[in-house]
Amino acid sequence: MPLPFRTDWPRLWRVLLTLLLAFGAAELCVWLHTPLPWMIGPLVATALATLAGVPTQSALSLRNMGQWTIGGALGLYFTPEVLHMLATLWWAVLLGAAWALLLGWLGSQGLWWMHRGRLAGVPDGALRSTAFYASSIGGASEMTLLAERAGARTDLVAAAHTVRVTVVVLVLPFAIQWSKQHWHLQAIDMVPAVDRFQPLGFALLALLTGAGVLAMRATRRPNPWFLGALLVAMLIAALDIQLSNVPRPLSNAAQLVIGISLGVRFTPAFAHGAPRWLLGSVLQTLALLAVSAVFAWLLALLTGLHPVTLLLATSPGGITEMAITAKVLQLGAPVVTAFQVCRLVAVLTLAEPLYRRWLKPDSRKN
């Protein structure tokens with residue numbers, strides 16, 4: 001009698017071996033005292049192995065659980081005191097969202113200029129839409145869907161987002177660690193609502209945040225595994241309900257699987273598909289990081305917040321990765337998360353209308 005399910009053993013072995021590789025790389029980075037060892041080590045090791053042709057494998061279910069874990073852990077920082085502080089900074093959060101939209105437009109102009117007439121088989125109209133959605137600092141999957149509706153090259157859009165997030169994850173933590181050593185950068189004292197592990201409380205926390213994830217998935221919201229858990233944990237912290245913290249080993253494991261999910265995208269086909277486009281995405285990201293640093297410094301003068309916190313909050317990185325960086329390096333995780341969530345909502349809501357207003361008329365003329 002046939003079994004009701006069939007296990008894909010080759011895929012399972014690839015997942016297990018990739019996890020072992022990532023764990024070894026994380027332990028090596030811990031020994032080397034690198035920043036974010038549990039995310040950067042797996043990311044770099046998996047990317048190098050994948051580029052070399054090693055059959056690495058990321059499990060979507062593990063990545064989703066990692067985002068669920070990080071979302072729940074970050075939400076616990078939103079205590080009444082932190083929410084009161086953020087309420088006084090509403091104008092800065094909105095300014096950060098506007099900055100993200102401007103940053104995306106500037107990046108799209110740079111990408112279009114670098115590749116204008118140089119990408120075979122991509123007419124100028126398609127290049128404009130491709131550059132716009134490749135540069136919009138929102139979720140990669142959501143931007144790819146919008147790009148498809150605009151007639152853009154979705155493969156190039158997805159590749160640019162992968163490169164952008166990876167470059168930011170690799171550059172910012174090392175730059176911040178260097179700043180701590182040479183400029184004596186101090187950690188920001190923001191602690192979660194509860195700083196101890198309680199088994200029953202943790203079980204209830206997992207149940208409630210899981211319900212938030214399911215609600216976000218049912219309503220087809222973006223990034224449901226992260227945002228669903230985040231919003232429920234924020235509500236728990238805001239009501240001063242002390243259930244449990246998220247244990248550090250679980251947080252480390254979440255960073256590990258998120259690092260793997262980035263690293264496995266760097267296949268040989270990915271690297272050789274459009275090398276000029278990938279190089280342009282790297283240069284664009286570095287340029288956007290530079291202007292973001294200037295913007296963060298100016299915003300710090302207006303708000304009194306630390307400029308490095310605001311750099312993480314307004315940089316062109318992914319919401320999960322920047323929030324992890326702020327949490328691990330103790331650089332105002334709630335502030336970074338609030339800015340990043342507001343930015344994500346603004347970009348997902350306004351990217352398509354702005355494309356139609358700013359760029360679509362231009363593409364019709366060419």
# chains A, B, ... in the order shown; residues from 1 in each chain; ligands from 1
>>> residues_around(residues="Phe197 of chain A", least_positions_apart="2", cutoff="10 Å", atoms="only C-alpha atoms", output="PyMOL selection string")
chain A and resi 194-195+199-202+243-248
>>> residues_around(residues="segment 77-93 of chain A", least_positions_apart="4", cutoff="9 Å", atoms="only C-alpha atoms", output="compact mmCIF listing (two decimals) with C-alpha atoms, in the first residue's frame")
# COMPACT_ATOMS: atom_id res chain seq x y z
CA ALA A 73 11.49 39.07 19.56
CA ALA A 97 9.34 56.95 4.52
CA ALA A 98 9.48 59.92 2.13
CA MET A 190 16.47 49.63 25.08
CA VAL A 191 15.38 46.33 26.58
CA PRO A 192 12.40 44.06 25.83
CA ALA A 193 9.30 44.03 28.03
CA VAL A 194 10.56 40.90 29.80
CA ALA A 233 4.25 41.03 20.20
CA MET A 234 4.09 44.84 20.04
CA LEU A 235 0.56 44.75 21.45
CA ILE A 236 1.66 42.39 24.25
CA ALA A 237 4.57 44.67 25.17
CA ALA A 238 2.44 47.84 24.92
CA LEU A 239 -0.07 46.35 27.37
CA ASP A 240 2.83 45.49 29.71
CA LEU A 299 18.03 63.64 10.89
CA LEU A 302 16.91 67.25 14.33
CA THR A 303 15.80 64.36 16.56
CA ALA A 333 15.89 48.07 17.59
CA PRO A 334 12.39 49.59 18.14
CA VAL A 335 13.35 52.82 16.38
CA ALA A 338 9.32 51.45 13.36
CA PHE A 339 11.06 53.34 10.57
CA GLN A 340 11.43 50.22 8.45
CA CYS A 342 6.50 52.58 7.95
CA ARG A 343 8.80 52.66 4.95
>>> closest_residue(among="A:Thr320, A:Ser136, A:Gln177, A:Ser108", to="Val308 of chain A", atoms="only C-alpha atoms")
A:Gln177
>>> atom_distance(atom1="atom CA of Trp225 of chain A", atom2="atom CA of Gly317 of chain A")
18.1 Å
>>> closest_residue(among="A:Leu51, A:Leu106, A:Ala323, A:Leu19", to="Val291 of chain A", atoms="only C-alpha atoms")
A:Leu106
>>> residues_around(residues="Glu352 of chain A", least_positions_apart="3", cutoff="12 Å", atoms="only C-alpha atoms", output="number ranges by chain")
A: 101, 129, 132-133, 136, 138, 142-150, 346-349, 355-360
>>> write_last_selection(atoms="N, CA and C atoms", output="PDB file, in the first residue's frame")
ATOM      1  N   LEU A 101      11.253  56.701  -0.573  1.00  0.00           N
ATOM      2  CA  LEU A 101      10.698  56.868  -1.924  1.00  0.00           C
ATOM      3  C   LEU A 101      11.647  57.680  -2.800  1.00  0.00           C
ATOM      4  N   SER A 129      11.242  50.911 -16.383  1.00  0.00           N
ATOM      5  CA  SER A 129      10.404  50.237 -15.391  1.00  0.00           C
ATOM      6  C   SER A 129      11.216  49.235 -14.585  1.00  0.00           C
ATOM      7  N   PHE A 132      13.271  51.182 -12.097  1.00  0.00           N
ATOM      8  CA  PHE A 132      12.449  51.765 -11.039  1.00  0.00           C
ATOM      9  C   PHE A 132      12.103  50.733  -9.975  1.00  0.00           C
ATOM     10  N   TYR A 133      11.588  49.579 -10.381  1.00  0.00           N
ATOM     11  CA  TYR A 133      11.180  48.582  -9.399  1.00  0.00           C
ATOM     12  C   TYR A 133      12.376  47.847  -8.794  1.00  0.00           C
ATOM     13  N   SER A 136      13.264  50.407  -5.978  1.00  0.00           N
ATOM     14  CA  SER A 136      12.284  50.706  -4.935  1.00  0.00           C
ATOM     15  C   SER A 136      12.577  49.853  -3.706  1.00  0.00           C
ATOM     16  N   GLY A 138      11.419  48.169  -1.227  1.00  0.00           N
ATOM     17  CA  GLY A 138      10.329  47.421  -0.619  1.00  0.00           C
ATOM     18  C   GLY A 138      10.674  45.948  -0.616  1.00  0.00           C
ATOM     19  N   GLU A 142       7.214  41.542  -3.596  1.00  0.00           N
ATOM     20  CA  GLU A 142       6.170  42.495  -3.949  1.00  0.00           C
ATOM     21  C   GLU A 142       6.615  43.401  -5.097  1.00  0.00           C
ATOM     22  N   MET A 143       7.864  43.849  -5.079  1.00  0.00           N
ATOM     23  CA  MET A 143       8.360  44.691  -6.155  1.00  0.00           C
ATOM     24  C   MET A 143       8.440  43.923  -7.477  1.00  0.00           C
ATOM     25  N   THR A 144       8.752  42.635  -7.398  1.00  0.00           N
ATOM     26  CA  THR A 144       8.810  41.827  -8.609  1.00  0.00           C
ATOM     27  C   THR A 144       7.427  41.681  -9.234  1.00  0.00           C
ATOM     28  N   LEU A 145       6.400  41.510  -8.407  1.00  0.00           N
ATOM     29  CA  LEU A 145       5.032  41.418  -8.926  1.00  0.00           C
ATOM     30  C   LEU A 145       4.608  42.726  -9.593  1.00  0.00           C
ATOM     31  N   LEU A 146       4.909  43.854  -8.961  1.00  0.00           N
ATOM     32  CA  LEU A 146       4.579  45.143  -9.561  1.00  0.00           C
ATOM     33  C   LEU A 146       5.354  45.365 -10.856  1.00  0.00           C
ATOM     34  N   ALA A 147       6.603  44.911 -10.872  1.00  0.00           N
ATOM     35  CA  ALA A 147       7.432  45.058 -12.076  1.00  0.00           C
ATOM     36  C   ALA A 147       6.859  44.261 -13.238  1.00  0.00           C
ATOM     37  N   GLU A 148       6.338  43.083 -12.939  1.00  0.00           N
ATOM     38  CA  GLU A 148       5.748  42.254 -13.992  1.00  0.00           C
ATOM     39  C   GLU A 148       4.561  42.958 -14.637  1.00  0.00           C
ATOM     40  N   ARG A 149       3.748  43.619 -13.821  1.00  0.00           N
ATOM     41  CA  ARG A 149       2.591  44.339 -14.365  1.00  0.00           C
ATOM     42  C   ARG A 149       3.022  45.526 -15.227  1.00  0.00           C
ATOM     43  N   ALA A 150       4.218  46.060 -14.967  1.00  0.00           N
ATOM     44  CA  ALA A 150       4.706  47.207 -15.728  1.00  0.00           C
ATOM     45  C   ALA A 150       5.516  46.798 -16.946  1.00  0.00           C
ATOM     46  N   ALA A 346       4.732  52.456   3.030  1.00  0.00           N
ATOM     47  CA  ALA A 346       4.715  53.575   2.086  1.00  0.00           C
ATOM     48  C   ALA A 346       5.134  53.134   0.685  1.00  0.00           C
ATOM     49  N   VAL A 347       6.197  52.332   0.606  1.00  0.00           N
ATOM     50  CA  VAL A 347       6.688  51.905  -0.704  1.00  0.00           C
ATOM     51  C   VAL A 347       5.686  50.982  -1.386  1.00  0.00           C
ATOM     52  N   LEU A 348       5.129  50.028  -0.636  1.00  0.00           N
ATOM     53  CA  LEU A 348       4.172  49.105  -1.232  1.00  0.00           C
ATOM     54  C   LEU A 348       2.910  49.833  -1.682  1.00  0.00           C
ATOM     55  N   THR A 349       2.543  50.891  -0.977  1.00  0.00           N
ATOM     56  CA  THR A 349       1.322  51.627  -1.305  1.00  0.00           C
ATOM     57  C   THR A 349       1.526  52.609  -2.451  1.00  0.00           C
ATOM     58  N   TYR A 355       5.266  55.386 -10.060  1.00  0.00           N
ATOM     59  CA  TYR A 355       5.816  54.941 -11.350  1.00  0.00           C
ATOM     60  C   TYR A 355       4.966  55.482 -12.498  1.00  0.00           C
ATOM     61  N   ARG A 356       3.653  55.366 -12.358  1.00  0.00           N
ATOM     62  CA  ARG A 356       2.769  55.849 -13.423  1.00  0.00           C
ATOM     63  C   ARG A 356       2.901  57.356 -13.623  1.00  0.00           C
ATOM     64  N   ARG A 357       3.109  58.071 -12.529  1.00  0.00           N
ATOM     65  CA  ARG A 357       3.181  59.537 -12.628  1.00  0.00           C
ATOM     66  C   ARG A 357       4.544  60.006 -13.117  1.00  0.00           C
ATOM     67  N   TRP A 358       5.615  59.391 -12.610  1.00  0.00           N
ATOM     68  CA  TRP A 358       6.961  59.875 -12.897  1.00  0.00           C
ATOM     69  C   TRP A 358       7.549  59.311 -14.182  1.00  0.00           C
ATOM     70  N   LEU A 359       7.369  58.003 -14.395  1.00  0.00           N
ATOM     71  CA  LEU A 359       8.151  57.357 -15.438  1.00  0.00           C
ATOM     72  C   LEU A 359       7.364  56.849 -16.626  1.00  0.00           C
ATOM     73  N   LYS A 360       6.129  56.451 -16.458  1.00  0.00           N
ATOM     74  CA  LYS A 360       5.415  55.847 -17.550  1.00  0.00           C
ATOM     75  C   LYS A 360       5.237  56.784 -18.741  1.00  0.00           C
TER      76      LYS A 360
END
>>> residues_around(residues="Thr46 of chain A", least_positions_apart="6", cutoff="8 Å", atoms="only C-alpha atoms", output="PyMOL selection string")
chain A and resi 18+21-22+56+260+263-264
>>> residues_around(residues="Ala300 of chain A", least_positions_apart="3", cutoff="12 Å", atoms="only C-alpha atoms", output="PDB file with all heavy atoms, in the first residue's frame")
ATOM      1  N   LEU A  89       8.119  61.173  17.710  1.00  0.00           N
ATOM      2  CA  LEU A  89       8.965  61.187  16.512  1.00  0.00           C
ATOM      3  C   LEU A  89       8.186  60.836  15.251  1.00  0.00           C
ATOM      4  O   LEU A  89       8.773  60.461  14.240  1.00  0.00           O
ATOM      5  CB  LEU A  89      10.123  60.189  16.677  1.00  0.00           C
ATOM      6  CG  LEU A  89      11.135  60.493  17.779  1.00  0.00           C
ATOM      7  CD1 LEU A  89      12.087  59.321  17.940  1.00  0.00           C
ATOM      8  CD2 LEU A  89      11.916  61.764  17.444  1.00  0.00           C
ATOM      9  N   ALA A  92       9.428  62.315  12.087  1.00  0.00           N
ATOM     10  CA  ALA A  92      10.687  61.772  11.591  1.00  0.00           C
ATOM     11  C   ALA A  92      10.460  60.436  10.885  1.00  0.00           C
ATOM     12  O   ALA A  92      11.110  60.135   9.877  1.00  0.00           O
ATOM     13  CB  ALA A  92      11.673  61.600  12.749  1.00  0.00           C
ATOM     14  N   GLY A  96      11.287  59.639   7.109  1.00  0.00           N
ATOM     15  CA  GLY A  96      12.067  58.488   6.680  1.00  0.00           C
ATOM     16  C   GLY A  96      11.396  57.726   5.547  1.00  0.00           C
ATOM     17  O   GLY A  96      12.063  57.238   4.625  1.00  0.00           O
ATOM     18  N   SER A 292      22.560  57.896   2.338  1.00  0.00           N
ATOM     19  CA  SER A 292      21.749  57.589   3.524  1.00  0.00           C
ATOM     20  C   SER A 292      22.484  57.983   4.794  1.00  0.00           C
ATOM     21  O   SER A 292      21.859  58.414   5.776  1.00  0.00           O
ATOM     22  CB  SER A 292      21.399  56.098   3.566  1.00  0.00           C
ATOM     23  OG  SER A 292      20.484  55.759   2.558  1.00  0.00           O
ATOM     24  N   ALA A 293      23.805  57.815   4.801  1.00  0.00           N
ATOM     25  CA  ALA A 293      24.592  58.215   5.965  1.00  0.00           C
ATOM     26  C   ALA A 293      24.489  59.720   6.194  1.00  0.00           C
ATOM     27  O   ALA A 293      24.364  60.181   7.339  1.00  0.00           O
ATOM     28  CB  ALA A 293      26.051  57.798   5.779  1.00  0.00           C
ATOM     29  N   VAL A 294      24.509  60.493   5.112  1.00  0.00           N
ATOM     30  CA  VAL A 294      24.372  61.951   5.236  1.00  0.00           C
ATOM     31  C   VAL A 294      22.978  62.297   5.757  1.00  0.00           C
ATOM     32  O   VAL A 294      22.819  63.139   6.649  1.00  0.00           O
ATOM     33  CB  VAL A 294      24.635  62.633   3.882  1.00  0.00           C
ATOM     34  CG1 VAL A 294      24.381  64.133   3.974  1.00  0.00           C
ATOM     35  CG2 VAL A 294      26.062  62.359   3.420  1.00  0.00           C
ATOM     36  N   PHE A 295      21.959  61.642   5.188  1.00  0.00           N
ATOM     37  CA  PHE A 295      20.590  61.902   5.631  1.00  0.00           C
ATOM     38  C   PHE A 295      20.413  61.529   7.099  1.00  0.00           C
ATOM     39  O   PHE A 295      19.766  62.257   7.861  1.00  0.00           O
ATOM     40  CB  PHE A 295      19.609  61.111   4.758  1.00  0.00           C
ATOM     41  CG  PHE A 295      18.174  61.241   5.184  1.00  0.00           C
ATOM     42  CD1 PHE A 295      17.459  62.390   4.891  1.00  0.00           C
ATOM     43  CD2 PHE A 295      17.536  60.221   5.879  1.00  0.00           C
ATOM     44  CE1 PHE A 295      16.128  62.535   5.292  1.00  0.00           C
ATOM     45  CE2 PHE A 295      16.219  60.342   6.278  1.00  0.00           C
ATOM     46  CZ  PHE A 295      15.511  61.505   5.984  1.00  0.00           C
ATOM     47  N   ALA A 296      20.970  60.397   7.517  1.00  0.00           N
ATOM     48  CA  ALA A 296      20.857  59.964   8.915  1.00  0.00           C
ATOM     49  C   ALA A 296      21.524  60.959   9.852  1.00  0.00           C
ATOM     50  O   ALA A 296      21.006  61.252  10.947  1.00  0.00           O
ATOM     51  CB  ALA A 296      21.490  58.586   9.074  1.00  0.00           C
ATOM     52  N   TRP A 297      22.645  61.500   9.438  1.00  0.00           N
ATOM     53  CA  TRP A 297      23.348  62.493  10.271  1.00  0.00           C
ATOM     54  C   TRP A 297      22.511  63.764  10.426  1.00  0.00           C
ATOM     55  O   TRP A 297      22.374  64.306  11.529  1.00  0.00           O
ATOM     56  CB  TRP A 297      24.698  62.824   9.639  1.00  0.00           C
ATOM     57  CG  TRP A 297      25.470  63.869  10.384  1.00  0.00           C
ATOM     58  CD1 TRP A 297      26.082  63.741  11.592  1.00  0.00           C
ATOM     59  CD2 TRP A 297      25.671  65.225   9.956  1.00  0.00           C
ATOM     60  NE1 TRP A 297      26.673  64.937  11.948  1.00  0.00           N
ATOM     61  CE2 TRP A 297      26.440  65.859  10.968  1.00  0.00           C
ATOM     62  CE3 TRP A 297      25.315  65.948   8.834  1.00  0.00           C
ATOM     63  CZ2 TRP A 297      26.829  67.186  10.869  1.00  0.00           C
ATOM     64  CZ3 TRP A 297      25.698  67.276   8.734  1.00  0.00           C
ATOM     65  CH2 TRP A 297      26.448  67.879   9.751  1.00  0.00           C
ATOM     66  N   THR A 303      16.530  65.206  15.607  1.00  0.00           N
ATOM     67  CA  THR A 303      15.800  64.362  16.558  1.00  0.00           C
ATOM     68  C   THR A 303      16.540  64.111  17.861  1.00  0.00           C
ATOM     69  O   THR A 303      15.920  63.774  18.875  1.00  0.00           O
ATOM     70  CB  THR A 303      15.486  63.000  15.929  1.00  0.00           C
ATOM     71  OG1 THR A 303      16.721  62.329  15.606  1.00  0.00           O
ATOM     72  CG2 THR A 303      14.648  63.153  14.665  1.00  0.00           C
ATOM     73  N   GLY A 304      17.861  64.215  17.836  1.00  0.00           N
ATOM     74  CA  GLY A 304      18.651  63.861  19.011  1.00  0.00           C
ATOM     75  C   GLY A 304      18.933  62.378  19.125  1.00  0.00           C
ATOM     76  O   GLY A 304      19.592  61.940  20.075  1.00  0.00           O
ATOM     77  N   LEU A 305      18.455  61.571  18.154  1.00  0.00           N
ATOM     78  CA  LEU A 305      18.754  60.143  18.149  1.00  0.00           C
ATOM     79  C   LEU A 305      20.165  59.911  17.627  1.00  0.00           C
ATOM     80  O   LEU A 305      20.764  60.778  16.980  1.00  0.00           O
ATOM     81  CB  LEU A 305      17.746  59.388  17.274  1.00  0.00           C
ATOM     82  CG  LEU A 305      16.295  59.387  17.764  1.00  0.00           C
ATOM     83  CD1 LEU A 305      15.399  58.744  16.724  1.00  0.00           C
ATOM     84  CD2 LEU A 305      16.180  58.648  19.094  1.00  0.00           C
ATOM     85  N   HIS A 306      20.676  58.701  17.890  1.00  0.00           N
ATOM     86  CA  HIS A 306      22.033  58.407  17.434  1.00  0.00           C
ATOM     87  C   HIS A 306      22.045  58.244  15.919  1.00  0.00           C
ATOM     88  O   HIS A 306      21.173  57.580  15.348  1.00  0.00           O
ATOM     89  CB  HIS A 306      22.543  57.125  18.094  1.00  0.00           C
ATOM     90  CG  HIS A 306      24.035  57.029  18.085  1.00  0.00           C
ATOM     91  ND1 HIS A 306      24.750  56.788  16.935  1.00  0.00           N
ATOM     92  CD2 HIS A 306      24.954  57.177  19.076  1.00  0.00           C
ATOM     93  CE1 HIS A 306      26.031  56.766  17.220  1.00  0.00           C
ATOM     94  NE2 HIS A 306      26.185  57.012  18.509  1.00  0.00           N
ATOM     95  N   PRO A 307      23.012  58.847  15.234  1.00  0.00           N
ATOM     96  CA  PRO A 307      23.044  58.758  13.766  1.00  0.00           C
ATOM     97  C   PRO A 307      23.180  57.327  13.234  1.00  0.00           C
ATOM     98  O   PRO A 307      22.672  57.024  12.156  1.00  0.00           O
ATOM     99  CB  PRO A 307      24.262  59.610  13.377  1.00  0.00           C
ATOM    100  CG  PRO A 307      25.048  59.792  14.633  1.00  0.00           C
ATOM    101  CD  PRO A 307      24.075  59.732  15.745  1.00  0.00           C
ATOM    102  N   VAL A 308      23.845  56.447  13.978  1.00  0.00           N
ATOM    103  CA  VAL A 308      23.974  55.074  13.503  1.00  0.00           C
ATOM    104  C   VAL A 308      22.632  54.346  13.574  1.00  0.00           C
ATOM    105  O   VAL A 308      22.282  53.558  12.683  1.00  0.00           O
ATOM    106  CB  VAL A 308      25.052  54.312  14.307  1.00  0.00           C
ATOM    107  CG1 VAL A 308      25.117  52.853  13.858  1.00  0.00           C
ATOM    108  CG2 VAL A 308      26.406  54.974  14.116  1.00  0.00           C
ATOM    109  N   THR A 309      21.854  54.615  14.621  1.00  0.00           N
ATOM    110  CA  THR A 309      20.499  54.063  14.692  1.00  0.00           C
ATOM    111  C   THR A 309      19.681  54.524  13.491  1.00  0.00           C
ATOM    112  O   THR A 309      18.976  53.737  12.848  1.00  0.00           O
ATOM    113  CB  THR A 309      19.810  54.500  15.991  1.00  0.00           C
ATOM    114  OG1 THR A 309      20.508  53.948  17.097  1.00  0.00           O
ATOM    115  CG2 THR A 309      18.361  54.026  16.028  1.00  0.00           C
ATOM    116  N   LEU A 310      19.780  55.797  13.174  1.00  0.00           N
ATOM    117  CA  LEU A 310      19.020  56.334  12.052  1.00  0.00           C
ATOM    118  C   LEU A 310      19.567  55.859  10.713  1.00  0.00           C
ATOM    119  O   LEU A 310      18.821  55.754   9.733  1.00  0.00           O
ATOM    120  CB  LEU A 310      19.013  57.864  12.113  1.00  0.00           C
ATOM    121  CG  LEU A 310      18.191  58.422  13.280  1.00  0.00           C
ATOM    122  CD1 LEU A 310      18.380  59.929  13.410  1.00  0.00           C
ATOM    123  CD2 LEU A 310      16.716  58.093  13.099  1.00  0.00           C
ATOM    124  N   LEU A 311      20.844  55.536  10.652  1.00  0.00           N
ATOM    125  CA  LEU A 311      21.389  54.960   9.421  1.00  0.00           C
ATOM    126  C   LEU A 311      20.766  53.585   9.169  1.00  0.00           C
ATOM    127  O   LEU A 311      20.367  53.273   8.044  1.00  0.00           O
ATOM    128  CB  LEU A 311      22.910  54.846   9.522  1.00  0.00           C
ATOM    129  CG  LEU A 311      23.608  54.147   8.337  1.00  0.00           C
ATOM    130  CD1 LEU A 311      23.278  54.861   7.024  1.00  0.00           C
ATOM    131  CD2 LEU A 311      25.113  54.098   8.549  1.00  0.00           C
ATOM    132  N   ALA A 313      17.924  52.698  10.289  1.00  0.00           N
ATOM    133  CA  ALA A 313      16.498  52.925  10.074  1.00  0.00           C
ATOM    134  C   ALA A 313      16.185  53.395   8.667  1.00  0.00           C
ATOM    135  O   ALA A 313      15.094  53.128   8.148  1.00  0.00           O
ATOM    136  CB  ALA A 313      15.982  53.953  11.078  1.00  0.00           C
ATOM    137  N   THR A 314      17.126  54.098   8.033  1.00  0.00           N
ATOM    138  CA  THR A 314      16.845  54.704   6.726  1.00  0.00           C
ATOM    139  C   THR A 314      17.695  54.139   5.601  1.00  0.00           C
ATOM    140  O   THR A 314      17.583  54.606   4.468  1.00  0.00           O
ATOM    141  CB  THR A 314      17.081  56.227   6.799  1.00  0.00           C
ATOM    142  OG1 THR A 314      18.445  56.490   7.178  1.00  0.00           O
ATOM    143  CG2 THR A 314      16.156  56.876   7.821  1.00  0.00           C
TER     144      THR A 314
END
>>> residues_around(residues="Ala52 of chain A", least_positions_apart="3", cutoff="8 Å", atoms="only C-alpha atoms", output="PyMOL selection string")
chain A and resi 48-49+268
>>> select_by_dssp(residues="segment 97-246 of chain A", states="alpha helix (DSSP H)", output="PyMOL selection string")
chain A and resi 97-115+124-135+140-149+154-183+199-218+224-238
>>> atom_distance(atom1="atom CA of Val328 of chain A", atom2="atom CA of Val213 of chain A")
23.4 Å
>>> decode(residues="segment 46-52 of chain A", atoms="all heavy atoms", output="mmCIF file, in the first residue's frame")
data_model
loop_
_atom_site.group_PDB
_atom_site.id
_atom_site.type_symbol
_atom_site.label_atom_id
_atom_site.label_comp_id
_atom_site.auth_asym_id
_atom_site.auth_seq_id
_atom_site.Cartn_x
_atom_site.Cartn_y
_atom_site.Cartn_z
ATOM 1 N N THR A 46 27.320 30.049 2.532
ATOM 2 C CA THR A 46 26.357 29.463 1.613
ATOM 3 C C THR A 46 26.486 30.075 0.221
ATOM 4 O O THR A 46 26.386 29.366 -0.786
ATOM 5 C CB THR A 46 24.921 29.661 2.141
ATOM 6 O OG1 THR A 46 24.845 29.199 3.482
ATOM 7 C CG2 THR A 46 23.932 28.892 1.303
ATOM 8 N N ALA A 47 26.702 31.387 0.157
ATOM 9 C CA ALA A 47 26.855 32.038 -1.145
ATOM 10 C C ALA A 47 28.084 31.512 -1.880
ATOM 11 O O ALA A 47 28.020 31.206 -3.085
ATOM 12 C CB ALA A 47 26.949 33.549 -0.959
ATOM 13 N N LEU A 48 29.202 31.390 -1.179
ATOM 14 C CA LEU A 48 30.417 30.884 -1.820
ATOM 15 C C LEU A 48 30.251 29.441 -2.278
ATOM 16 O O LEU A 48 30.668 29.071 -3.381
ATOM 17 C CB LEU A 48 31.596 31.001 -0.852
ATOM 18 C CG LEU A 48 32.055 32.428 -0.514
ATOM 19 C CD1 LEU A 48 33.166 32.395 0.519
ATOM 20 C CD2 LEU A 48 32.527 33.152 -1.775
ATOM 21 N N ALA A 49 29.628 28.628 -1.436
ATOM 22 C CA ALA A 49 29.405 27.229 -1.807
ATOM 23 C C ALA A 49 28.474 27.122 -3.003
ATOM 24 O O ALA A 49 28.701 26.323 -3.924
ATOM 25 C CB ALA A 49 28.837 26.453 -0.616
ATOM 26 N N THR A 50 27.437 27.934 -3.021
ATOM 27 C CA THR A 50 26.480 27.896 -4.126
ATOM 28 C C THR A 50 27.131 28.358 -5.419
ATOM 29 O O THR A 50 26.924 27.754 -6.483
ATOM 30 C CB THR A 50 25.257 28.779 -3.800
ATOM 31 O OG1 THR A 50 24.721 28.396 -2.533
ATOM 32 C CG2 THR A 50 24.180 28.616 -4.862
ATOM 33 N N LEU A 51 27.933 29.412 -5.353
ATOM 34 C CA LEU A 51 28.647 29.885 -6.538
ATOM 35 C C LEU A 51 29.611 28.833 -7.069
ATOM 36 O O LEU A 51 29.841 28.734 -8.284
ATOM 37 C CB LEU A 51 29.412 31.171 -6.207
ATOM 38 C CG LEU A 51 28.609 32.466 -6.176
ATOM 39 C CD1 LEU A 51 29.451 33.606 -5.617
ATOM 40 C CD2 LEU A 51 28.099 32.814 -7.578
ATOM 41 N N ALA A 52 30.171 28.031 -6.163
ATOM 42 C CA ALA A 52 31.110 26.979 -6.571
ATOM 43 C C ALA A 52 30.402 25.753 -7.142
ATOM 44 O O ALA A 52 31.067 24.805 -7.550
ATOM 45 C CB ALA A 52 31.972 26.572 -5.385
#
